Structures are given as structure tokens and as C-alpha cells.
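Chemist: Below is the file structure.cif, with mmCIF, C-alpha atoms.
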data_input
#
loop_
_atom_site.label_atom_id
_atom_site.label_comp_id
_atom_site.auth_asym_id
_atom_site.auth_seq_id
_atom_site.Cartn_x
_atom_site.Cartn_y
_atom_site.Cartn_z
CA MET R 1 103.46 103.91 210.53
CA LEU R 2 101.46 103.02 207.52
CA ALA R 3 98.81 105.61 206.71
CA THR R 4 95.40 104.10 207.37
CA ALA R 5 93.42 103.95 204.35
CA MET R 6 89.60 99.74 204.20
CA LEU R 7 87.06 96.99 202.89
CA LEU R 8 81.58 89.78 198.78
CA GLY R 9 80.30 83.64 196.77
CA THR R 10 80.04 81.27 193.93
CA SER R 11 82.07 82.38 190.93
CA LEU R 12 85.76 82.77 191.72
CA PRO R 13 88.48 84.35 189.58
CA ALA R 14 91.30 82.36 188.05
CA ASN R 15 93.73 83.10 190.89
CA ALA R 16 91.28 81.93 193.57
CA ALA R 17 91.05 78.47 195.04
CA ALA R 18 87.95 76.69 193.78
CA ALA R 19 86.60 76.15 197.28
CA GLN R 20 83.18 77.41 198.33
CA GLY R 21 82.96 77.59 202.09
CA PRO R 22 85.77 76.21 204.31
CA PRO R 23 85.63 72.51 203.31
CA ALA R 24 87.97 69.74 204.43
CA ALA R 25 89.66 69.68 201.00
CA ALA R 26 90.71 73.29 201.39
CA ALA R 27 92.04 72.56 204.86
CA GLN R 28 94.12 69.67 203.50
CA ALA R 29 95.50 71.87 200.72
CA MET R 30 96.72 74.30 203.38
CA ALA R 31 98.40 71.62 205.48
CA VAL R 32 101.96 72.61 204.48
CA ARG R 33 102.18 76.38 204.70
CA GLU R 34 104.45 78.96 206.20
CA PRO R 35 103.37 80.14 209.65
CA GLU R 36 101.13 83.18 209.93
CA CYS R 37 102.89 86.54 210.16
CA VAL R 38 100.70 89.60 210.68
CA TRP R 39 101.30 92.98 212.29
CA PRO R 40 97.65 93.96 212.74
CA GLY R 41 96.24 97.44 212.33
CA ASN R 42 93.07 99.05 213.62
CA ALA R 43 91.67 100.68 210.47
CA TRP R 44 88.10 100.07 209.35
CA LEU R 45 85.65 101.71 206.97
CA ASN R 46 81.95 100.77 207.51
CA PRO R 47 80.49 103.08 204.82
CA GLN R 48 77.08 104.58 205.55
CA PHE R 49 74.42 105.35 202.94
CA TYR R 50 71.04 107.02 202.72
CA TRP R 51 68.29 108.06 200.33
CA ARG R 52 66.57 111.44 200.15
CA ASN R 53 63.79 113.02 198.16
CA VAL R 54 63.94 116.11 195.95
CA ILE R 55 63.47 118.47 198.88
CA GLY R 56 66.29 116.85 200.86
CA ALA R 57 64.25 114.85 203.39
CA ARG R 58 65.70 111.46 204.27
CA LEU R 59 63.78 108.44 203.04
CA GLY R 60 65.96 105.76 204.63
CA GLU R 61 69.53 104.80 205.52
CA GLY R 62 71.90 101.96 206.27
CA VAL R 63 75.49 100.87 206.87
CA ILE R 64 77.97 98.38 205.43
CA HIS R 65 79.47 96.42 208.35
CA GLU R 66 83.04 95.34 207.57
CA SER R 67 85.78 93.77 209.66
CA SER R 68 88.86 91.59 209.22
CA SER R 69 90.51 89.00 211.47
CA PRO R 70 93.35 89.37 212.06
CA ASN R 71 93.00 92.89 210.72
CA PRO R 72 95.83 93.81 208.32
CA PHE R 73 94.31 97.20 207.44
CA GLY R 74 96.47 99.88 208.96
CA GLY R 75 99.22 97.30 209.46
CA TRP R 76 101.44 94.79 207.65
CA ILE R 77 101.11 91.17 206.59
CA ALA R 78 103.64 88.74 205.13
CA PRO R 79 103.22 86.51 202.07
CA GLY R 80 101.65 83.16 202.93
CA SER R 81 99.66 84.63 205.79
CA THR R 82 95.87 84.71 205.85
CA PHE R 83 93.03 86.89 207.05
CA THR R 84 89.25 86.75 206.81
CA PHE R 85 87.15 89.66 205.57
CA ARG R 86 83.62 89.86 206.98
CA TRP R 87 80.97 91.89 205.08
CA ARG R 88 77.34 92.57 205.96
CA PRO R 89 75.23 95.32 204.35
CA GLU R 90 72.30 96.46 206.48
CA THR R 91 69.45 98.82 205.59
CA THR R 92 68.41 100.20 208.98
CA ARG R 93 65.44 102.15 207.59
CA ASN R 94 63.99 101.08 204.26
CA PRO R 95 62.52 103.75 201.97
CA ILE R 96 58.78 103.30 201.53
CA GLY R 97 58.21 101.46 198.25
CA ALA R 98 61.76 100.10 197.98
CA GLN R 99 61.59 96.41 197.00
CA TYR R 100 65.22 95.28 197.29
CA HIS R 101 68.82 96.49 197.29
CA ILE R 102 71.88 95.08 195.47
CA HIS R 103 75.04 95.80 197.46
CA ARG R 104 78.51 95.51 195.94
CA VAL R 105 82.12 95.98 196.96
CA ASN R 106 85.07 95.78 194.56
CA LEU R 107 87.95 93.85 196.13
CA ALA R 108 90.32 94.25 193.15
CA SER R 109 93.09 95.94 195.14
CA VAL R 110 93.11 93.22 197.80
CA MET R 111 92.93 90.46 195.19
CA ALA R 112 95.93 91.95 193.41
CA VAL R 113 98.07 90.73 196.34
CA ALA R 114 95.97 87.89 197.77
CA ASP R 115 94.26 84.69 196.58
CA VAL R 116 90.75 83.79 197.68
CA GLU R 117 90.71 80.47 199.55
CA TRP R 118 86.98 80.30 200.19
CA VAL R 119 83.79 82.33 200.41
CA ALA R 120 80.89 81.58 202.77
CA GLY R 121 77.57 83.31 203.35
CA PRO R 122 74.87 84.97 201.24
CA GLY R 123 77.22 87.04 199.07
CA THR R 124 78.53 86.06 195.64
CA LEU R 125 82.06 86.74 194.43
CA THR R 126 82.15 87.31 190.66
CA GLY R 127 85.52 88.38 189.34
CA THR R 128 86.67 90.90 191.92
CA THR R 129 83.19 92.06 192.97
CA LEU R 130 81.43 90.78 196.06
CA SER R 131 77.66 91.32 195.91
CA ALA R 132 74.50 90.43 197.78
CA GLN R 133 70.79 91.17 197.46
CA GLU R 134 68.99 92.51 200.52
CA THR R 135 65.18 92.32 200.57
CA PRO R 136 63.83 94.15 203.64
CA PRO R 137 62.57 93.39 206.19
CA GLN R 138 64.81 90.31 205.89
CA LYS R 139 68.35 90.91 207.11
CA LEU R 140 71.51 89.62 205.48
CA GLY R 141 73.95 87.46 207.38
CA ASP R 142 77.72 87.87 207.17
CA THR R 143 79.60 86.99 204.01
CA VAL R 144 83.11 85.84 204.91
CA VAL R 145 86.03 85.72 202.47
CA LYS R 146 89.33 84.10 203.41
CA PHE R 147 92.40 85.58 201.71
CA ARG R 148 95.97 84.29 201.55
CA ILE R 149 98.70 86.78 200.67
CA ARG R 150 100.46 85.77 197.46
CA PRO R 151 104.25 85.17 197.37
CA GLY R 152 106.28 87.84 195.62
CA THR R 153 104.02 90.74 196.63
CA GLU R 154 106.32 92.29 199.24
CA GLY R 155 106.23 96.08 199.17
CA ARG R 156 102.79 96.30 197.54
CA THR R 157 99.83 98.02 199.18
CA ALA R 158 96.18 96.96 199.03
CA THR R 159 93.46 99.56 199.54
CA LEU R 160 89.74 99.49 200.24
CA SER R 161 87.83 102.75 199.85
CA SER R 162 84.32 104.12 200.01
CA ALA R 163 84.50 104.47 196.23
CA ASP R 164 84.82 100.66 195.94
CA HIS R 165 81.26 100.30 197.26
CA SER R 166 78.08 100.65 195.21
CA LEU R 167 74.36 100.11 195.74
CA THR R 168 71.35 99.71 193.44
CA THR R 169 67.87 100.07 194.92
CA ARG R 170 64.73 98.90 193.14
CA TRP R 171 61.79 101.17 193.90
CA LEU R 172 58.44 100.30 192.35
CA PHE R 173 59.24 100.18 188.61
CA ALA R 174 62.56 102.03 188.57
CA ASN R 175 65.92 102.21 190.29
CA ILE R 176 66.68 105.01 192.73
CA ASN R 177 70.13 106.22 193.66
CA ASN R 178 71.56 106.47 197.15
CA LEU R 179 74.08 108.87 198.63
CA TRP R 180 77.16 107.95 200.67
CA GLU R 181 77.56 109.66 204.01
CA ASN R 182 81.20 109.04 204.88
CA PHE R 183 84.24 108.84 202.63
CA GLY R 184 87.69 107.43 203.16
CA SER R 185 90.00 104.52 202.51
CA ILE R 186 92.07 102.02 204.43
CA SER R 187 95.08 99.99 203.34
CA PHE R 188 97.69 97.44 204.33
CA THR R 189 101.19 96.73 203.06
CA VAL R 190 102.71 93.34 202.30
CA ALA R 191 106.07 93.04 204.05
CA SER R 192 108.68 90.30 204.24
CA ARG R 193 108.64 87.90 207.15
CA ALA R 194 112.13 89.00 208.11
CA SER R 195 111.18 92.67 208.27
CA LEU R 196 108.26 91.80 210.58
CA GLY R 197 110.47 89.71 212.80
CA CYS R 198 108.51 86.51 212.26
CA GLY R 199 109.93 83.11 212.95
CA SER R 200 107.11 80.89 214.10
CA SER R 201 103.43 81.76 213.74
CA SER R 202 103.01 85.34 214.87
CA VAL R 203 100.32 87.95 215.22
CA LEU R 204 102.43 90.87 216.32
CA GLY R 205 101.70 94.27 217.74
#
Would you put the structure from the file into C-alpha cells?
Modeler:
Amino acid sequence: MLATAMLLGTSLPANAAAAQGPPAAAAQAMAVREPECVWPGNAWLNPQFYWRNVIGARLGEGVIHESSSPNPFGGWIAPGSTFTFRWRPETTRNPIGAQYHIHRVNLASVMAVADVEWVAGPGTLTGTTLSAQETPPQKLGDTVVKFRIRPGTEGRTATLSSADHSLTTRWLFANINNLWENFGSISFTVASRASLGCGSSSVLG
């Protein structure tokens, strides 16, 4: 079994479809496609972060909510198949004096095997980096990215790790650094349709 190892929209890279949100044009472009073929996994990451002062007392904390549907992380997915990645940073306790937070996640590994079909929500995809500004007490909604696995990528693995996430917090007239509380990574492997036993549209498992 594949070792489990997981994972922001206006400016898209060259290999991404130029569709913002799931418009009708994008749906028409996908009219003739191979059926879905996914062997889903159950790996997820949801990195947690916090701030502390010089004596070690916590000033605030939060979590990055992440999920995929169907979830390829910890599983396998065939070229031509799609999944959506859902991303929502949340500061659950804001440090006193903190004005806003810039959250980022680098999706380079996923985008090495998949094209972006559309992005919807408050986040912005620039190159391979998904980012969003959170200004407490306002909460961010979900940013959703739809990926389609690129032909010819069989045998390659895509990984999302804690190290792919970063955060900048503006406090008064300077930036303050956060700490990450949990570390790890999740991954999926691109496999051929034949090896996954797919004929018609299939979400296996």
C-alpha cells in the first residue's frame, strides 16, 4: 500500500486551464473525457500553527483545514481523472495586536502531475502557490481547486507536506513568525487505468 504522505485564484500557470470558477465553458471543454478512475486513500494533513512570546507563552493558534474529493492522497489515481482540493486557513485565537495573516501552500508537486481546471473562493493561485489573506475576526471561506491528472504521468508521485505551508502575520508595524505544531506529508501515485482495473467511471476501494 502506498505510504501515506498531503495538501490556494486568479493567476494560473501555463499548464492550467484559464477558467476561474467552474463556468459553463470549462464544463463544455470537459465533455469528451475518459471516465474517472480513482482508488481513494484516507490521508490528510491539516497543519496546525501557533504564536508564542519570548517566555514561551502562547499568544494564539490556528489550523489549515484541507480535504480532497475524491481523496487520492494515500491512494492512486489514473490520468484523465479529476479531484477537488479544498483549503481553508483558520486562526482560532488571534494574537493581540495581530492585524492580518497571509497563508500560503505550495502545490508544485501536485501540479507536476495535474493541470488546474478552475479555482473558486477567496484564495489566489499564482504560479504554484495558493494564498489567501485572513483578517480576524473575519473568517475565510473555502478555496477549491479542481485538478485533472495529466496524461503520461503514470508511476509519478505527488506529495503535500507541512513544509509546503507558510504563514506571514502582520503585528502592529512588523511581521511576527509562527511555529508549526505538527509535521508530516501525504502523497498519491498516478497509476494506469488498467492497473486500477477501471473500465467505466470508477471510484474504487
Chemist: Between R:Ile55, R:Ala43, R:Cys37, R:Ile186, single out the one closest to R:Ser161, counting all atoms listed in the file.
Modeler: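 Between R:Ile55, R:Ala43, R:Cys37, R:Ile186, the residue approaching R:Ser161 most closely is R:Ile186.
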Chemist: Every residue with an atom at most 10 Å from (57.4, 100.5, 189.8) (file coordinates; all atoms listed in the file) is what I'm after, so could you write them as a ChimeraX atom specification?
Modeler: /R:97-99,170-175
Chemist: Set the distance at 6 Å and use only C-alpha atoms: which residues neighbour stretch 69-73 of chain R once local chain neighbours fewer than 5 positions away are removed? I'd like the list as JSON, numbers by chain.
Modeler: {"R": [40, 41, 43, 83, 84, 187, 188]}
Chemist: Would you save the residues from that selection as a PDB file, in the frame of the given file, using C-alpha atoms?
Modeler:
ATOM      1  CA  PRO R  40      97.650  93.960 212.740  1.00  0.00           C
ATOM      2  CA  GLY R  41      96.240  97.440 212.330  1.00  0.00           C
ATOM      3  CA  ALA R  43      91.670 100.680 210.470  1.00  0.00           C
ATOM      4  CA  PHE R  83      93.030  86.890 207.050  1.00  0.00           C
ATOM      5  CA  THR R  84      89.250  86.750 206.810  1.00  0.00           C
ATOM      6  CA  SER R 187      95.080  99.990 203.340  1.00  0.00           C
ATOM      7  CA  PHE R 188      97.690  97.440 204.330  1.00  0.00           C
TER       8      PHE R 188
END
Chemist: Between R:Trp51, R:Ala132, R:Ile64, R:Met111, which has the minimum distance to R:Arg156 (counting all atoms listed in the file)?
Modeler: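 Checking each candidate against R:Arg156, we get R:Met111 as the closest.
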Chemist: Using only C-alpha atoms, which residue out of R:Ser131, R:Asn46, R:Asn182, R:Thr82 lies closest to R:Ile149?
Modeler: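 Closest to R:Ile149 of all the choices is R:Thr82.
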Chemist: If you measure from atom CA of R:Glu154 to atom CA of R:Arg193, what distance in Å do you get, rounded to one decimal?
Modeler: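 About the pair atom CA of R:Glu154 and atom CA of R:Arg193: they are 9.3 Å apart.
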Chemist: Taking into account only C-alpha atoms, which residue in the set R:Glu181, R:Asp142, R:Glu34, R:Glu90 is nearest to R:Phe49?
Modeler: R:Glu181
Chemist: How many Å lie between atom CA of R:Trp118 and atom CA of R:Phe147, rounded to one decimal?
Modeler: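 Between atom CA of R:Trp118 and atom CA of R:Phe147 the gap is 7.7 Å.
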